[in-house]
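Enquirer: After the structure tokens below, expect a handful of questions from me.
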Amino acid sequence: MSTTWHVLGAGSLGTLWATRLARAGLPVRLILRDQARLQDYQAAGGLTLVEQGQSHLYPIPGETCDSPQPIQRLLLACKAYDAEAAVARIATRLTPGAELILLQNGLGSQDAVAARVPAARCIAASSTEGAFRDGDWRVVFAGHGYTWLGDAGHPTAPIWLDELSASGIPHEWTTQILTRLWRKLALNCAINPLTVLYDCRNGGLQQHRCEVATLCAELGELLQCCGQPDAAQDLQQEVERVIQATAANYSSMYQDVANQRRTEIRYLLGHACAVANRHRLALPHLQQLQLRLKEHLQLHGLPSD
Ligand code: NAP
């Protein structure tokens with residue numbers, strides 16, 4: 001009998017994972033915030049995944065954090081700012097040797113979660129897949145991609161990777177997950193805050209090449225300083241390539257702000273600036289960018305952390 005995949009967070013990525021695992025015949029249970037959300041979910045009859053215009057309903061069983069069932073494998077699919085509190089709520093349900101897969105973008109939340117549940121194995125993920133909600137309990141699979149998984153403390157791959165293959169979830173185990181997360185964070189810092197401040201699509205940053213280049217130079221310094229030279233390799237070229245390749249897109253941070261949603265700034269630009277401060281590394285343009293972004297968020301009535 002396969003181990004149950006408990007999925008905490010029935011948002012975009014949580015739904016994308018839960019529906020594909022369930023479709024492959026694997027046991028999946030959704031963990032929802034509270035009784036009200038559970039009742040709402042049960043009334044909807046399950047999660048709907050929309051793929052290439054086709055919707056399919058998956059009647060995955062749901063429960064709340066307070067359910068008594070033990071958890072051996074947990075996919076944590078909430079936002080970075082909710083991760084630590086969400087794990088604290090289910091901590092007593094974790095079995096000895098439980099495994100957590102952390103889907104959060106950026107850095108900082110993974111360490112906070114691991115400190116909350118020191119006996120569990122925490123596996124970090126970095127994903128280029130894209131999905132968005134077009135209604136409650138409905139998710140559109142918007143961009144095919146890849147998910148890298150790794151555990152900075154233990155290089156051995158977990159046994160359930162073949163279940164991801166059986167579910168059609170493209171993935172790779174890596175011993176360099178921190179490098180992947182840092183690289184993605186650096187790309188995010190060089191692009192997303194500026195798209196918010198200049199109110200533009202990614203391609204709009206082609207008008208601000210000097211500013212982008214200056215940020216890339218500081219981010220490169222930071223990556224070198226915190227022992228991530230591979231993540232610094234050709235950063236500016238990749239940033240320029242991403243800006244060009246995604247010119248017509250709005251960045252995720254832009255979309256969060258435009259939709260009055262809290263951003264993950266603390267785990268992205270905020271984390272970069274905090275680590276620089278800890279290393280007493282002066283990165284004036286990055287710090288200035290953080291100040292400008294915080295001011296902008298406050299002006300729009302959004303949390304600035
Ligand atoms: P999302 O759509 O906002 O979903 C997050 C879900 O977590 C929500 O359904 C929320 O519940 C739930 N949640 C929060 N706290 C909870 C708790 N204590 N108990 C139960 N459920 C809880 O977020 P997302 O877009 O999937 O993003 C998740 C992470 O993946 C983020 O770090 C994001 O940056 C990263 N990521 C996303 C994508 C993407 O395409 N979406 C791509 C790559 C990486 P409510 O519905 O009740 O609020």
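Letters A, B, ... mark the chains of the structure tokens in the order given; residue numbers begin at 1 per chain; ligand numbers begin at 1, in order shown.
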Which residues come within 12 Å of Thr3 in chain A, counting only C-alpha atoms, excluding same-chain residues fewer than 2 positions away, as a count of residues only?
Expert: 20
Enquirer: Which residues are near Pro59 in chain A? Cut-off 12 Å, only C-alpha atoms, ignore same chain within fewer than 2 positions. Put them as a ChimeraX atom specification.
Expert: /A:15,18-19,22-23,27-30,41-49,56-57,61-62,137
Enquirer: Which residues, written as a PyMOL selection string, have at least one atom at most 12 Å from Ala91 in chain A, with only C-alpha atoms counted and residues fewer than 2 positions away on the same chain left out?
Expert: chain A and resi 65-72+74+83-89+93-96+98-100+113-120
Enquirer: Per residue of chain A within 6 Å of ligand 1, what are the shortest atom pair and its distance in Å to one decimal, counting only C-alpha atoms and all ligand atoms, with rows by chain and residue number, as JSON lines?
Expert:
```
{"residue": "A:Leu8", "atom": "CA", "partner": "ligand 1", "partner_atom_place_in_ligand_line": "20 (C)", "distance": 5.2}
{"residue": "A:Gly9", "atom": "CA", "partner": "ligand 1", "partner_atom_place_in_ligand_line": "7 (O)", "distance": 3.5}
{"residue": "A:Ala10", "atom": "CA", "partner": "ligand 1", "partner_atom_place_in_ligand_line": "9 (O)", "distance": 4.3}
{"residue": "A:Gly11", "atom": "CA", "partner": "ligand 1", "partner_atom_place_in_ligand_line": "4 (O)", "distance": 3.2}
{"residue": "A:Ser12", "atom": "CA", "partner": "ligand 1", "partner_atom_place_in_ligand_line": "26 (O)", "distance": 3.7}
{"residue": "A:Leu13", "atom": "CA", "partner": "ligand 1", "partner_atom_place_in_ligand_line": "26 (O)", "distance": 3.8}
{"residue": "A:Gly14", "atom": "CA", "partner": "ligand 1", "partner_atom_place_in_ligand_line": "26 (O)", "distance": 5.7}
{"residue": "A:Ile31", "atom": "CA", "partner": "ligand 1", "partner_atom_place_in_ligand_line": "20 (C)", "distance": 5.6}
{"residue": "A:Leu32", "atom": "CA", "partner": "ligand 1", "partner_atom_place_in_ligand_line": "20 (C)", "distance": 4.0}
{"residue": "A:Arg33", "atom": "CA", "partner": "ligand 1", "partner_atom_place_in_ligand_line": "20 (C)", "distance": 3.7}
{"residue": "A:Ala77", "atom": "CA", "partner": "ligand 1", "partner_atom_place_in_ligand_line": "28 (C)", "distance": 5.1}
{"residue": "A:Cys78", "atom": "CA", "partner": "ligand 1", "partner_atom_place_in_ligand_line": "7 (O)", "distance": 3.4}
{"residue": "A:Lys79", "atom": "CA", "partner": "ligand 1", "partner_atom_place_in_ligand_line": "31 (C)", "distance": 4.1}
{"residue": "A:Ala80", "atom": "CA", "partner": "ligand 1", "partner_atom_place_in_ligand_line": "32 (O)", "distance": 4.7}
{"residue": "A:Asp82", "atom": "CA", "partner": "ligand 1", "partner_atom_place_in_ligand_line": "15 (N)", "distance": 5.1}
{"residue": "A:Ala86", "atom": "CA", "partner": "ligand 1", "partner_atom_place_in_ligand_line": "18 (N)", "distance": 3.8}
{"residue": "A:Leu103", "atom": "CA", "partner": "ligand 1", "partner_atom_place_in_ligand_line": "30 (O)", "distance": 5.2}
{"residue": "A:Gln104", "atom": "CA", "partner": "ligand 1", "partner_atom_place_in_ligand_line": "32 (O)", "distance": 3.4}
{"residue": "A:Asn105", "atom": "CA", "partner": "ligand 1", "partner_atom_place_in_ligand_line": "32 (O)", "distance": 4.0}
{"residue": "A:Ser127", "atom": "CA", "partner": "ligand 1", "partner_atom_place_in_ligand_line": "43 (C)", "distance": 5.0}
{"residue": "A:Thr128", "atom": "CA", "partner": "ligand 1", "partner_atom_place_in_ligand_line": "43 (C)", "distance": 5.6}
{"residue": "A:Glu129", "atom": "CA", "partner": "ligand 1", "partner_atom_place_in_ligand_line": "42 (C)", "distance": 5.4}
{"residue": "A:Gly130", "atom": "CA", "partner": "ligand 1", "partner_atom_place_in_ligand_line": "40 (O)", "distance": 3.3}
{"residue": "A:Ala131", "atom": "CA", "partner": "ligand 1", "partner_atom_place_in_ligand_line": "40 (O)", "distance": 4.0}
{"residue": "A:Phe132", "atom": "CA", "partner": "ligand 1", "partner_atom_place_in_ligand_line": "41 (N)", "distance": 5.5}
```
Enquirer: Could you tell me which of A:Leu205, A:Arg138, A:Ala125, A:Leu235 comes closest to Leu181 in chain A if we count only C-alpha atoms?
Expert: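 For Leu181 in chain A, the nearest of the given residues is A:Ala125.
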Enquirer: Please indicate the distance in Å from CA of Gln236 in chain A to CA of Ala213 in chain A, rounded to one decimal place.
Expert: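 Separation between CA of Gln236 in chain A and CA of Ala213 in chain A: 6.3 Å.
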Enquirer: May I ask which of the residues A:Ala258, A:Ser165, A:Ser126, A:Ala247 is the closest one to Leu178 in chain A, counting only C-alpha atoms?
Expert: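 Ranking A:Ala258, A:Ser165, A:Ser126, A:Ala247 by distance to Leu178 in chain A, first place goes to A:Ser126.
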Enquirer: Under the rule of at most 9 Å, produce a per-residue listing of range 62-157 of chain A near range 271-280 of chain A: chain, number, name, the closest pair of atoms, and the distance in Å, as a tab-separated table, using only C-alpha atoms.
Expert:
```
residue	atom	partner	partner_atom	distance
A:Gly106	CA	A:His271	CA	8.0
A:Leu107	CA	A:His271	CA	6.7
A:Gly108	CA	A:His271	CA	6.8
```
Enquirer: How would the residues just chosen look if you wrote them out with all heavy atoms as a PDB file, in the first residue's frame?
Expert:
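again.pdb written:
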```
ATOM      1  N   GLY A 106      11.486  31.275  -3.120  1.00  0.00           N
ATOM      2  CA  GLY A 106      12.371  32.087  -2.307  1.00  0.00           C
ATOM      3  C   GLY A 106      13.094  31.260  -1.256  1.00  0.00           C
ATOM      4  O   GLY A 106      13.130  30.029  -1.319  1.00  0.00           O
ATOM      5  N   LEU A 107      13.662  31.966  -0.282  1.00  0.00           N
ATOM      6  CA  LEU A 107      14.428  31.304   0.784  1.00  0.00           C
ATOM      7  C   LEU A 107      14.054  31.909   2.139  1.00  0.00           C
ATOM      8  O   LEU A 107      13.625  33.054   2.215  1.00  0.00           O
ATOM      9  CB  LEU A 107      15.928  31.488   0.535  1.00  0.00           C
ATOM     10  CG  LEU A 107      16.539  30.509  -0.489  1.00  0.00           C
ATOM     11  CD1 LEU A 107      17.843  31.064  -1.042  1.00  0.00           C
ATOM     12  CD2 LEU A 107      16.798  29.144   0.157  1.00  0.00           C
ATOM     13  N   GLY A 108      14.237  31.119   3.159  1.00  0.00           N
ATOM     14  CA  GLY A 108      13.943  31.595   4.515  1.00  0.00           C
ATOM     15  C   GLY A 108      12.829  30.773   5.134  1.00  0.00           C
ATOM     16  O   GLY A 108      12.913  30.365   6.290  1.00  0.00           O
TER      17      GLY A 108
END
```
Enquirer: Using DSSP on the backbone, list every residue of range 70-303 of chain A that comes out as helix (DSSP H, G or I), and give them as a ChimeraX atom specification.
Expert: /A:80-93,109-116,161-166,177-197,202-225,229-232,235-245,252-258,265-267,269-278,284-299
Enquirer: Which is closest to Met253 in chain A among A:Val212, A:Ile191, A:Leu289, A:Leu283, if we use only C-alpha atoms?
Expert: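 Checking each of A:Val212, A:Ile191, A:Leu289, A:Leu283 against Met253 in chain A, counting only C-alpha atoms, the winner is A:Ile191.
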